[in-house]
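Participant: My structure file data.txt, compact mmCIF, N, CA and C atoms, is below:
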# COMPACT_ATOMS: atom_id res chain seq x y z
N VAL A 21 0.94 6.81 2.69
CA VAL A 21 0.07 6.33 3.76
C VAL A 21 -0.50 4.99 3.34
N LEU A 22 -0.25 3.99 4.16
CA LEU A 22 -0.78 2.65 3.92
C LEU A 22 -2.07 2.52 4.72
N PRO A 23 -3.21 2.27 4.04
CA PRO A 23 -4.50 2.33 4.71
C PRO A 23 -4.91 1.13 5.54
N GLY A 24 -4.30 0.00 5.39
CA GLY A 24 -4.63 -1.13 6.24
C GLY A 24 -5.87 -1.89 5.82
N GLY A 25 -6.50 -2.53 6.82
CA GLY A 25 -7.56 -3.48 6.54
C GLY A 25 -6.91 -4.82 6.25
N ALA A 26 -7.52 -5.90 6.66
CA ALA A 26 -6.88 -7.22 6.55
C ALA A 26 -6.54 -7.59 5.11
N VAL A 27 -7.54 -7.64 4.24
CA VAL A 27 -7.31 -8.03 2.85
C VAL A 27 -6.48 -6.97 2.13
N GLY A 28 -6.77 -5.71 2.39
CA GLY A 28 -6.01 -4.63 1.77
C GLY A 28 -4.54 -4.70 2.12
N THR A 29 -4.25 -4.99 3.38
CA THR A 29 -2.86 -5.10 3.81
C THR A 29 -2.18 -6.28 3.13
N ASP A 30 -2.88 -7.41 3.03
CA ASP A 30 -2.32 -8.56 2.33
C ASP A 30 -1.95 -8.18 0.90
N ASN A 31 -2.84 -7.46 0.23
CA ASN A 31 -2.59 -7.06 -1.16
C ASN A 31 -1.43 -6.08 -1.27
N LEU A 32 -1.37 -5.11 -0.37
CA LEU A 32 -0.27 -4.16 -0.39
C LEU A 32 1.05 -4.85 -0.13
N GLU A 33 1.07 -5.75 0.83
CA GLU A 33 2.29 -6.47 1.20
C GLU A 33 2.79 -7.35 0.06
N ALA A 34 1.88 -7.87 -0.75
CA ALA A 34 2.25 -8.73 -1.88
C ALA A 34 2.81 -7.94 -3.06
N CYS A 35 2.64 -6.65 -3.05
CA CYS A 35 3.10 -5.80 -4.15
C CYS A 35 4.56 -5.39 -3.90
N GLN A 36 5.48 -6.14 -4.46
CA GLN A 36 6.90 -5.90 -4.21
C GLN A 36 7.38 -4.52 -4.67
N PRO A 37 6.88 -3.97 -5.79
CA PRO A 37 7.29 -2.61 -6.13
C PRO A 37 6.90 -1.61 -5.04
N LEU A 38 5.74 -1.79 -4.44
CA LEU A 38 5.32 -0.90 -3.35
C LEU A 38 6.22 -1.05 -2.14
N VAL A 39 6.51 -2.29 -1.76
CA VAL A 39 7.39 -2.53 -0.61
C VAL A 39 8.77 -1.92 -0.87
N GLY A 40 9.25 -2.03 -2.09
CA GLY A 40 10.53 -1.41 -2.45
C GLY A 40 10.48 0.10 -2.35
N LEU A 41 9.37 0.69 -2.78
CA LEU A 41 9.21 2.14 -2.68
C LEU A 41 9.19 2.59 -1.22
N ILE A 42 8.51 1.84 -0.37
CA ILE A 42 8.46 2.17 1.05
C ILE A 42 9.87 2.12 1.64
N ARG A 43 10.62 1.08 1.32
CA ARG A 43 12.01 0.98 1.80
C ARG A 43 12.83 2.17 1.33
N SER A 44 12.66 2.53 0.07
CA SER A 44 13.39 3.67 -0.49
C SER A 44 13.05 4.96 0.26
N TYR A 45 11.76 5.18 0.50
CA TYR A 45 11.34 6.37 1.25
C TYR A 45 11.99 6.37 2.64
N ALA A 46 11.95 5.24 3.31
CA ALA A 46 12.52 5.16 4.65
C ALA A 46 14.01 5.44 4.63
N GLU A 47 14.73 4.89 3.66
CA GLU A 47 16.17 5.12 3.55
C GLU A 47 16.48 6.60 3.32
N GLN A 48 15.57 7.31 2.66
CA GLN A 48 15.75 8.73 2.40
C GLN A 48 15.24 9.60 3.54
N GLY A 49 14.65 8.98 4.56
CA GLY A 49 14.09 9.74 5.69
C GLY A 49 12.78 10.42 5.35
N ARG A 50 12.14 9.98 4.27
CA ARG A 50 10.84 10.55 3.89
C ARG A 50 9.75 9.94 4.76
N LYS A 51 8.68 10.65 4.93
CA LYS A 51 7.59 10.21 5.80
C LYS A 51 6.88 8.98 5.25
N VAL A 52 6.63 8.05 6.15
CA VAL A 52 5.89 6.83 5.84
C VAL A 52 4.88 6.65 6.96
N ALA A 53 3.62 6.43 6.60
CA ALA A 53 2.57 6.26 7.61
C ALA A 53 1.75 5.02 7.29
N ALA A 54 1.25 4.39 8.36
CA ALA A 54 0.44 3.19 8.19
C ALA A 54 -0.54 3.08 9.34
N ILE A 55 -1.74 2.64 9.03
CA ILE A 55 -2.79 2.51 10.04
C ILE A 55 -3.41 1.11 9.96
N CYS A 56 -4.00 0.69 11.06
CA CYS A 56 -4.72 -0.58 11.16
C CYS A 56 -3.73 -1.74 11.07
N ALA A 57 -3.91 -2.65 10.13
CA ALA A 57 -3.01 -3.79 9.98
C ALA A 57 -1.75 -3.44 9.19
N ALA A 58 -1.76 -2.33 8.48
CA ALA A 58 -0.66 -1.99 7.58
C ALA A 58 0.71 -1.79 8.24
N PRO A 59 0.80 -1.40 9.51
CA PRO A 59 2.14 -1.32 10.11
C PRO A 59 2.92 -2.63 10.06
N ARG A 60 2.20 -3.75 9.93
CA ARG A 60 2.91 -5.04 9.84
C ARG A 60 3.75 -5.11 8.58
N ILE A 61 3.39 -4.37 7.52
CA ILE A 61 4.21 -4.32 6.31
C ILE A 61 5.56 -3.68 6.63
N LEU A 62 5.52 -2.62 7.39
CA LEU A 62 6.76 -1.93 7.78
C LEU A 62 7.61 -2.84 8.67
N ALA A 63 6.95 -3.50 9.62
CA ALA A 63 7.67 -4.39 10.52
C ALA A 63 8.25 -5.58 9.76
N GLY A 64 7.49 -6.12 8.82
CA GLY A 64 7.96 -7.26 8.03
C GLY A 64 9.17 -6.93 7.18
N SER A 65 9.34 -5.66 6.88
CA SER A 65 10.50 -5.21 6.11
C SER A 65 11.66 -4.80 7.02
N GLY A 66 11.47 -4.95 8.32
CA GLY A 66 12.51 -4.59 9.28
C GLY A 66 12.62 -3.10 9.54
N LEU A 67 11.68 -2.32 9.00
CA LEU A 67 11.78 -0.86 9.12
C LEU A 67 11.41 -0.35 10.50
N LEU A 68 10.70 -1.14 11.29
CA LEU A 68 10.29 -0.69 12.62
C LEU A 68 11.18 -1.24 13.73
N ASP A 69 12.24 -1.94 13.38
CA ASP A 69 13.14 -2.50 14.39
C ASP A 69 13.65 -1.39 15.31
N GLY A 70 13.39 -1.55 16.60
CA GLY A 70 13.85 -0.57 17.59
C GLY A 70 13.03 0.70 17.65
N ARG A 71 11.99 0.80 16.86
CA ARG A 71 11.17 2.01 16.82
C ARG A 71 9.84 1.79 17.55
N VAL A 72 9.29 2.87 18.07
CA VAL A 72 7.98 2.82 18.71
C VAL A 72 6.94 2.76 17.61
N ALA A 73 5.99 1.81 17.73
CA ALA A 73 4.96 1.66 16.71
C ALA A 73 3.71 1.05 17.34
N THR A 74 2.61 1.23 16.64
CA THR A 74 1.34 0.65 17.06
C THR A 74 0.62 0.12 15.84
N ALA A 75 -0.44 -0.66 16.07
CA ALA A 75 -1.20 -1.26 14.97
C ALA A 75 -2.51 -1.79 15.53
N TYR A 76 -3.33 -2.33 14.66
CA TYR A 76 -4.58 -2.96 15.06
C TYR A 76 -4.27 -4.07 16.07
N PRO A 77 -5.08 -4.22 17.11
CA PRO A 77 -4.74 -5.18 18.17
C PRO A 77 -4.39 -6.59 17.69
N SER A 78 -5.07 -7.11 16.69
CA SER A 78 -4.80 -8.48 16.26
C SER A 78 -3.48 -8.64 15.52
N VAL A 79 -2.83 -7.56 15.13
CA VAL A 79 -1.53 -7.67 14.45
C VAL A 79 -0.37 -7.12 15.27
N MET A 80 -0.64 -6.70 16.49
CA MET A 80 0.44 -6.16 17.32
C MET A 80 1.60 -7.15 17.47
N ASP A 81 1.29 -8.43 17.58
CA ASP A 81 2.35 -9.43 17.72
C ASP A 81 3.22 -9.53 16.47
N GLU A 82 2.73 -9.02 15.35
CA GLU A 82 3.49 -9.07 14.10
C GLU A 82 4.45 -7.89 13.97
N LEU A 83 4.47 -7.01 14.94
CA LEU A 83 5.40 -5.89 14.91
C LEU A 83 6.71 -6.30 15.57
N ALA A 84 7.24 -7.43 15.13
CA ALA A 84 8.48 -7.95 15.67
C ALA A 84 9.59 -6.92 15.53
N GLY A 85 10.33 -6.75 16.58
CA GLY A 85 11.45 -5.81 16.56
C GLY A 85 11.07 -4.40 16.96
N ALA A 86 9.79 -4.08 16.91
CA ALA A 86 9.33 -2.73 17.27
C ALA A 86 9.11 -2.64 18.77
N LYS A 87 9.17 -1.43 19.28
CA LYS A 87 8.76 -1.15 20.65
C LYS A 87 7.27 -0.86 20.58
N ARG A 88 6.46 -1.86 20.87
CA ARG A 88 5.01 -1.76 20.68
C ARG A 88 4.36 -0.90 21.77
N THR A 89 3.41 -0.08 21.33
CA THR A 89 2.63 0.75 22.24
C THR A 89 1.16 0.65 21.86
N GLU A 90 0.31 0.83 22.84
CA GLU A 90 -1.13 0.84 22.55
C GLU A 90 -1.66 2.27 22.40
N SER A 91 -0.78 3.22 22.25
CA SER A 91 -1.19 4.60 21.99
C SER A 91 -1.96 4.66 20.68
N PRO A 92 -2.91 5.59 20.57
CA PRO A 92 -3.67 5.71 19.32
C PRO A 92 -2.78 5.99 18.10
N VAL A 93 -1.73 6.75 18.31
CA VAL A 93 -0.80 7.13 17.24
C VAL A 93 0.61 7.05 17.82
N ALA A 94 1.53 6.53 17.03
CA ALA A 94 2.94 6.49 17.43
C ALA A 94 3.77 7.13 16.32
N VAL A 95 4.67 8.00 16.72
CA VAL A 95 5.57 8.65 15.77
C VAL A 95 7.00 8.35 16.23
N ASP A 96 7.80 7.83 15.32
CA ASP A 96 9.20 7.57 15.61
C ASP A 96 9.99 7.79 14.32
N GLY A 97 10.78 8.81 14.32
CA GLY A 97 11.53 9.16 13.12
C GLY A 97 10.57 9.51 12.00
N CYS A 98 10.77 8.91 10.84
CA CYS A 98 9.93 9.22 9.68
C CYS A 98 8.65 8.38 9.65
N PHE A 99 8.45 7.53 10.67
CA PHE A 99 7.30 6.62 10.69
C PHE A 99 6.19 7.09 11.61
N THR A 100 4.97 7.05 11.11
CA THR A 100 3.77 7.32 11.91
C THR A 100 2.85 6.13 11.74
N THR A 101 2.45 5.54 12.87
CA THR A 101 1.55 4.39 12.83
C THR A 101 0.35 4.65 13.72
N SER A 102 -0.74 3.95 13.42
CA SER A 102 -1.96 4.13 14.19
C SER A 102 -2.73 2.81 14.20
N ARG A 103 -3.73 2.72 15.09
CA ARG A 103 -4.36 1.44 15.41
C ARG A 103 -5.53 1.03 14.52
N GLY A 104 -6.34 1.95 14.03
CA GLY A 104 -7.49 1.53 13.23
C GLY A 104 -8.47 2.66 13.01
N VAL A 105 -9.64 2.30 12.53
CA VAL A 105 -10.64 3.31 12.18
C VAL A 105 -10.97 4.23 13.36
N GLY A 106 -10.98 3.70 14.56
CA GLY A 106 -11.28 4.52 15.73
C GLY A 106 -10.20 5.53 16.07
N THR A 107 -9.02 5.37 15.49
CA THR A 107 -7.92 6.31 15.72
C THR A 107 -7.59 7.11 14.46
N ALA A 108 -8.46 7.04 13.47
CA ALA A 108 -8.19 7.70 12.19
C ALA A 108 -8.13 9.22 12.31
N ILE A 109 -8.94 9.79 13.17
CA ILE A 109 -8.91 11.26 13.30
C ILE A 109 -7.60 11.72 13.93
N PRO A 110 -7.18 11.19 15.09
CA PRO A 110 -5.89 11.65 15.60
C PRO A 110 -4.72 11.33 14.66
N PHE A 111 -4.80 10.21 13.94
CA PHE A 111 -3.79 9.86 12.94
C PHE A 111 -3.73 10.93 11.86
N SER A 112 -4.90 11.28 11.33
CA SER A 112 -4.97 12.30 10.28
C SER A 112 -4.47 13.66 10.75
N LEU A 113 -4.88 14.03 11.94
CA LEU A 113 -4.45 15.33 12.48
C LEU A 113 -2.94 15.35 12.71
N GLU A 114 -2.39 14.23 13.15
CA GLU A 114 -0.92 14.14 13.32
C GLU A 114 -0.23 14.35 11.98
N LEU A 115 -0.73 13.70 10.94
CA LEU A 115 -0.11 13.84 9.62
C LEU A 115 -0.24 15.26 9.08
N ILE A 116 -1.39 15.89 9.32
CA ILE A 116 -1.57 17.29 8.89
C ILE A 116 -0.57 18.17 9.61
N GLY A 117 -0.40 17.94 10.91
CA GLY A 117 0.58 18.71 11.67
C GLY A 117 2.00 18.52 11.15
N GLN A 118 2.32 17.31 10.74
CA GLN A 118 3.66 17.04 10.21
C GLN A 118 3.87 17.66 8.83
N LEU A 119 2.86 17.54 7.98
CA LEU A 119 3.02 17.95 6.59
C LEU A 119 2.77 19.44 6.37
N LEU A 120 1.94 20.03 7.21
CA LEU A 120 1.67 21.46 7.11
C LEU A 120 2.25 22.11 8.36
N VAL A 121 1.38 22.51 9.26
CA VAL A 121 1.80 23.06 10.56
C VAL A 121 0.77 22.63 11.60
N GLN A 122 1.20 22.59 12.85
CA GLN A 122 0.30 22.16 13.91
C GLN A 122 -0.92 23.06 14.01
N GLU A 123 -0.75 24.34 13.72
CA GLU A 123 -1.89 25.26 13.79
C GLU A 123 -2.99 24.84 12.82
N LYS A 124 -2.62 24.33 11.65
CA LYS A 124 -3.61 23.87 10.69
C LYS A 124 -4.33 22.62 11.22
N ALA A 125 -3.59 21.72 11.83
CA ALA A 125 -4.20 20.53 12.43
C ALA A 125 -5.17 20.95 13.53
N ASP A 126 -4.76 21.91 14.34
CA ASP A 126 -5.63 22.40 15.42
C ASP A 126 -6.89 23.05 14.85
N GLU A 127 -6.74 23.82 13.78
CA GLU A 127 -7.88 24.47 13.13
C GLU A 127 -8.88 23.43 12.60
N ILE A 128 -8.36 22.39 11.97
CA ILE A 128 -9.24 21.34 11.45
C ILE A 128 -9.91 20.60 12.59
N ALA A 129 -9.17 20.29 13.64
CA ALA A 129 -9.75 19.60 14.79
C ALA A 129 -10.91 20.42 15.36
N GLU A 130 -10.73 21.71 15.46
CA GLU A 130 -11.80 22.58 15.97
C GLU A 130 -12.99 22.59 15.01
N SER A 131 -12.70 22.64 13.72
CA SER A 131 -13.79 22.73 12.73
C SER A 131 -14.66 21.46 12.69
N ILE A 132 -14.07 20.32 13.07
CA ILE A 132 -14.86 19.08 13.07
C ILE A 132 -15.33 18.71 14.50
N VAL A 133 -15.10 19.62 15.43
CA VAL A 133 -15.46 19.44 16.83
C VAL A 133 -14.84 18.15 17.39
N TYR A 134 -13.56 17.98 17.07
CA TYR A 134 -12.83 16.83 17.58
C TYR A 134 -12.44 17.11 19.03
N MET A 135 -12.83 16.24 19.93
CA MET A 135 -12.63 16.45 21.35
C MET A 135 -11.49 15.61 21.92
N GLY A 136 -10.63 15.04 21.07
CA GLY A 136 -9.53 14.21 21.54
C GLY A 136 -8.51 15.02 22.32
N SER A 137 -7.60 14.30 22.92
CA SER A 137 -6.57 14.99 23.71
C SER A 137 -5.34 15.27 22.90
Mind turning the file's structure into structure tokens?

Facilitator:
Amino acid sequence: VLPGGAVGTDNLEACQPLVGLIRSYAEQGRKVAAICAAPRILAGSGLLDGRVATAYPSVMDELAGAKRTESPVAVDGCFTTSRGVGTAIPFSLELIGQLLVQEKADEIAESIVYMGS
């Protein structure tokens, strides 16, 4: 999971071993997730070409090759992307559903009184 944030994303993107690891995960079909500005790292590596993805509004134009959506969370293949801190709960619940089971995500949503759709 790439956490985003402007400076944080710049630092993550500059770390070539990390970018290589992300590419390796994607090639293996392993789950890769990014929120806020971090989806631009995936797009910059060509990993989102032809895939549905979302990101923080100011970096949406940097998702070149992706099918951009303004949905709070976008899932396409092994990639899960989200827009920012305001979408962190649905992003987290989506990942819990993927990694465990949807029932667990639903249980957590209820326990935190999450009223999202």

Participant: Could you pull out all residues of chain A with a DSSP call of alpha helix (DSSP H) and give them as a PyMOL selection string?

Facilitator: chain A and resi 26-34+36-47+59-64+108-119+122-131

Participant: Can you measure CA of Arg103 in chain A to CA of Glu90 in chain A for me? One decimal in Å is fine.

Facilitator: 7.9 Å

Participant: Using Å and a single decimal, report how far atom C of Leu41 in chain A sits from CA of Met80 in chain A.

Facilitator: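 Rounded to one decimal, the two atoms are 22.3 Å apart.
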
Participant: Which one is closest to Gly49 in chain A: A:Asp69, A:Phe99, A:Leu119, A:Glu127? Count only N, CA and C atoms.

Facilitator: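 Under the stated criterion, the closest residue is A:Phe99.
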
Participant: List the spatial neighbours of Ala73 in chain A as an mmCIF file with N, CA and C atoms, in the coordinates of the input - criterion: any atom at most 10 Å away, only C-alpha atoms, same-chain residues fewer than 6 positions off excluded.

Facilitator:
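Saved to out-v3.cif:
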data_model
loop_
_atom_site.group_PDB
_atom_site.id
_atom_site.type_symbol
_atom_site.label_atom_id
_atom_site.label_comp_id
_atom_site.auth_asym_id
_atom_site.auth_seq_id
_atom_site.Cartn_x
_atom_site.Cartn_y
_atom_site.Cartn_z
ATOM 1 N N ALA A 54 1.250 4.390 8.360
ATOM 2 C CA ALA A 54 0.440 3.190 8.190
ATOM 3 C C ALA A 54 -0.540 3.080 9.340
ATOM 4 N N PRO A 59 0.800 -1.400 9.510
ATOM 5 C CA PRO A 59 2.140 -1.320 10.110
ATOM 6 C C PRO A 59 2.920 -2.630 10.060
ATOM 7 N N ARG A 60 2.200 -3.750 9.930
ATOM 8 C CA ARG A 60 2.910 -5.040 9.840
ATOM 9 C C ARG A 60 3.750 -5.110 8.580
ATOM 10 N N LEU A 62 5.520 -2.620 7.390
ATOM 11 C CA LEU A 62 6.760 -1.930 7.780
ATOM 12 C C LEU A 62 7.610 -2.840 8.670
ATOM 13 N N ALA A 63 6.950 -3.500 9.620
ATOM 14 C CA ALA A 63 7.670 -4.390 10.520
ATOM 15 C C ALA A 63 8.250 -5.580 9.760
ATOM 16 N N MET A 80 -0.640 -6.700 16.490
ATOM 17 C CA MET A 80 0.440 -6.160 17.320
ATOM 18 C C MET A 80 1.600 -7.150 17.470
ATOM 19 N N LEU A 83 4.470 -7.010 14.940
ATOM 20 C CA LEU A 83 5.400 -5.890 14.910
ATOM 21 C C LEU A 83 6.710 -6.300 15.570
ATOM 22 N N GLY A 85 10.330 -6.750 16.580
ATOM 23 C CA GLY A 85 11.450 -5.810 16.560
ATOM 24 C C GLY A 85 11.070 -4.400 16.960
ATOM 25 N N ALA A 86 9.790 -4.080 16.910
ATOM 26 C CA ALA A 86 9.330 -2.730 17.270
ATOM 27 C C ALA A 86 9.110 -2.640 18.770
ATOM 28 N N LYS A 87 9.170 -1.430 19.280
ATOM 29 C CA LYS A 87 8.760 -1.150 20.650
ATOM 30 C C LYS A 87 7.270 -0.860 20.580
ATOM 31 N N ARG A 88 6.460 -1.860 20.870
ATOM 32 C CA ARG A 88 5.010 -1.760 20.680
ATOM 33 C C ARG A 88 4.360 -0.900 21.770
ATOM 34 N N THR A 89 3.410 -0.080 21.330
ATOM 35 C CA THR A 89 2.630 0.750 22.240
ATOM 36 C C THR A 89 1.160 0.650 21.860
ATOM 37 N N GLU A 90 0.310 0.830 22.840
ATOM 38 C CA GLU A 90 -1.130 0.840 22.550
ATOM 39 C C GLU A 90 -1.660 2.270 22.400
ATOM 40 N N SER A 91 -0.780 3.220 22.250
ATOM 41 C CA SER A 91 -1.190 4.600 21.990
ATOM 42 C C SER A 91 -1.960 4.660 20.680
ATOM 43 N N PRO A 92 -2.910 5.590 20.570
ATOM 44 C CA PRO A 92 -3.670 5.710 19.320
ATOM 45 C C PRO A 92 -2.780 5.990 18.100
ATOM 46 N N VAL A 93 -1.730 6.750 18.310
ATOM 47 C CA VAL A 93 -0.800 7.130 17.240
ATOM 48 C C VAL A 93 0.610 7.050 17.820
ATOM 49 N N ALA A 94 1.530 6.530 17.030
ATOM 50 C CA ALA A 94 2.940 6.490 17.430
ATOM 51 C C ALA A 94 3.770 7.130 16.320
ATOM 52 N N VAL A 95 4.670 8.000 16.720
ATOM 53 C CA VAL A 95 5.570 8.650 15.770
ATOM 54 C C VAL A 95 7.000 8.350 16.230
ATOM 55 N N ASP A 96 7.800 7.830 15.320
ATOM 56 C CA ASP A 96 9.200 7.570 15.610
ATOM 57 C C ASP A 96 9.990 7.790 14.320
ATOM 58 N N PHE A 99 8.450 7.530 10.670
ATOM 59 C CA PHE A 99 7.300 6.620 10.690
ATOM 60 C C PHE A 99 6.190 7.090 11.610
ATOM 61 N N THR A 100 4.970 7.050 11.110
ATOM 62 C CA THR A 100 3.770 7.320 11.910
ATOM 63 C C THR A 100 2.850 6.130 11.740
ATOM 64 N N THR A 101 2.450 5.540 12.870
ATOM 65 C CA THR A 101 1.550 4.390 12.830
ATOM 66 C C THR A 101 0.350 4.650 13.720
ATOM 67 N N SER A 102 -0.740 3.950 13.420
ATOM 68 C CA SER A 102 -1.960 4.130 14.190
ATOM 69 C C SER A 102 -2.730 2.810 14.200
ATOM 70 N N ARG A 103 -3.730 2.720 15.090
ATOM 71 C CA ARG A 103 -4.360 1.440 15.410
ATOM 72 C C ARG A 103 -5.530 1.030 14.520
#

Participant: Give me, as a PyMOL selection string, all polymer residues having an atom no more than 6.5 Å from Cys98 in chain A, counting all atoms listed in the file and skipping those fewer than 6 positions away in the same chain.

Facilitator: chain A and resi 49-53

Participant: Please, what is the axis-aligned box for every listed atom of range 58-61 of chain A with 8 Å on each side, as centre and edge lengths in Å to one decimal, as lines of an AutoDock Vina configuration file?

Facilitator:
center_x = 1.9
center_y = -3.2
center_z = 8.2
size_x = 23.3
size_y = 19.8
size_z = 19.8

Participant: When distances are computed from only N, CA and C atoms, which of A:Ile61, A:Cys56, A:Ile128, A:Leu120 shows the smallest separation from Ser78 in chain A?

Facilitator: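 Selected residue with least distance to Ser78 in chain A: A:Cys56.
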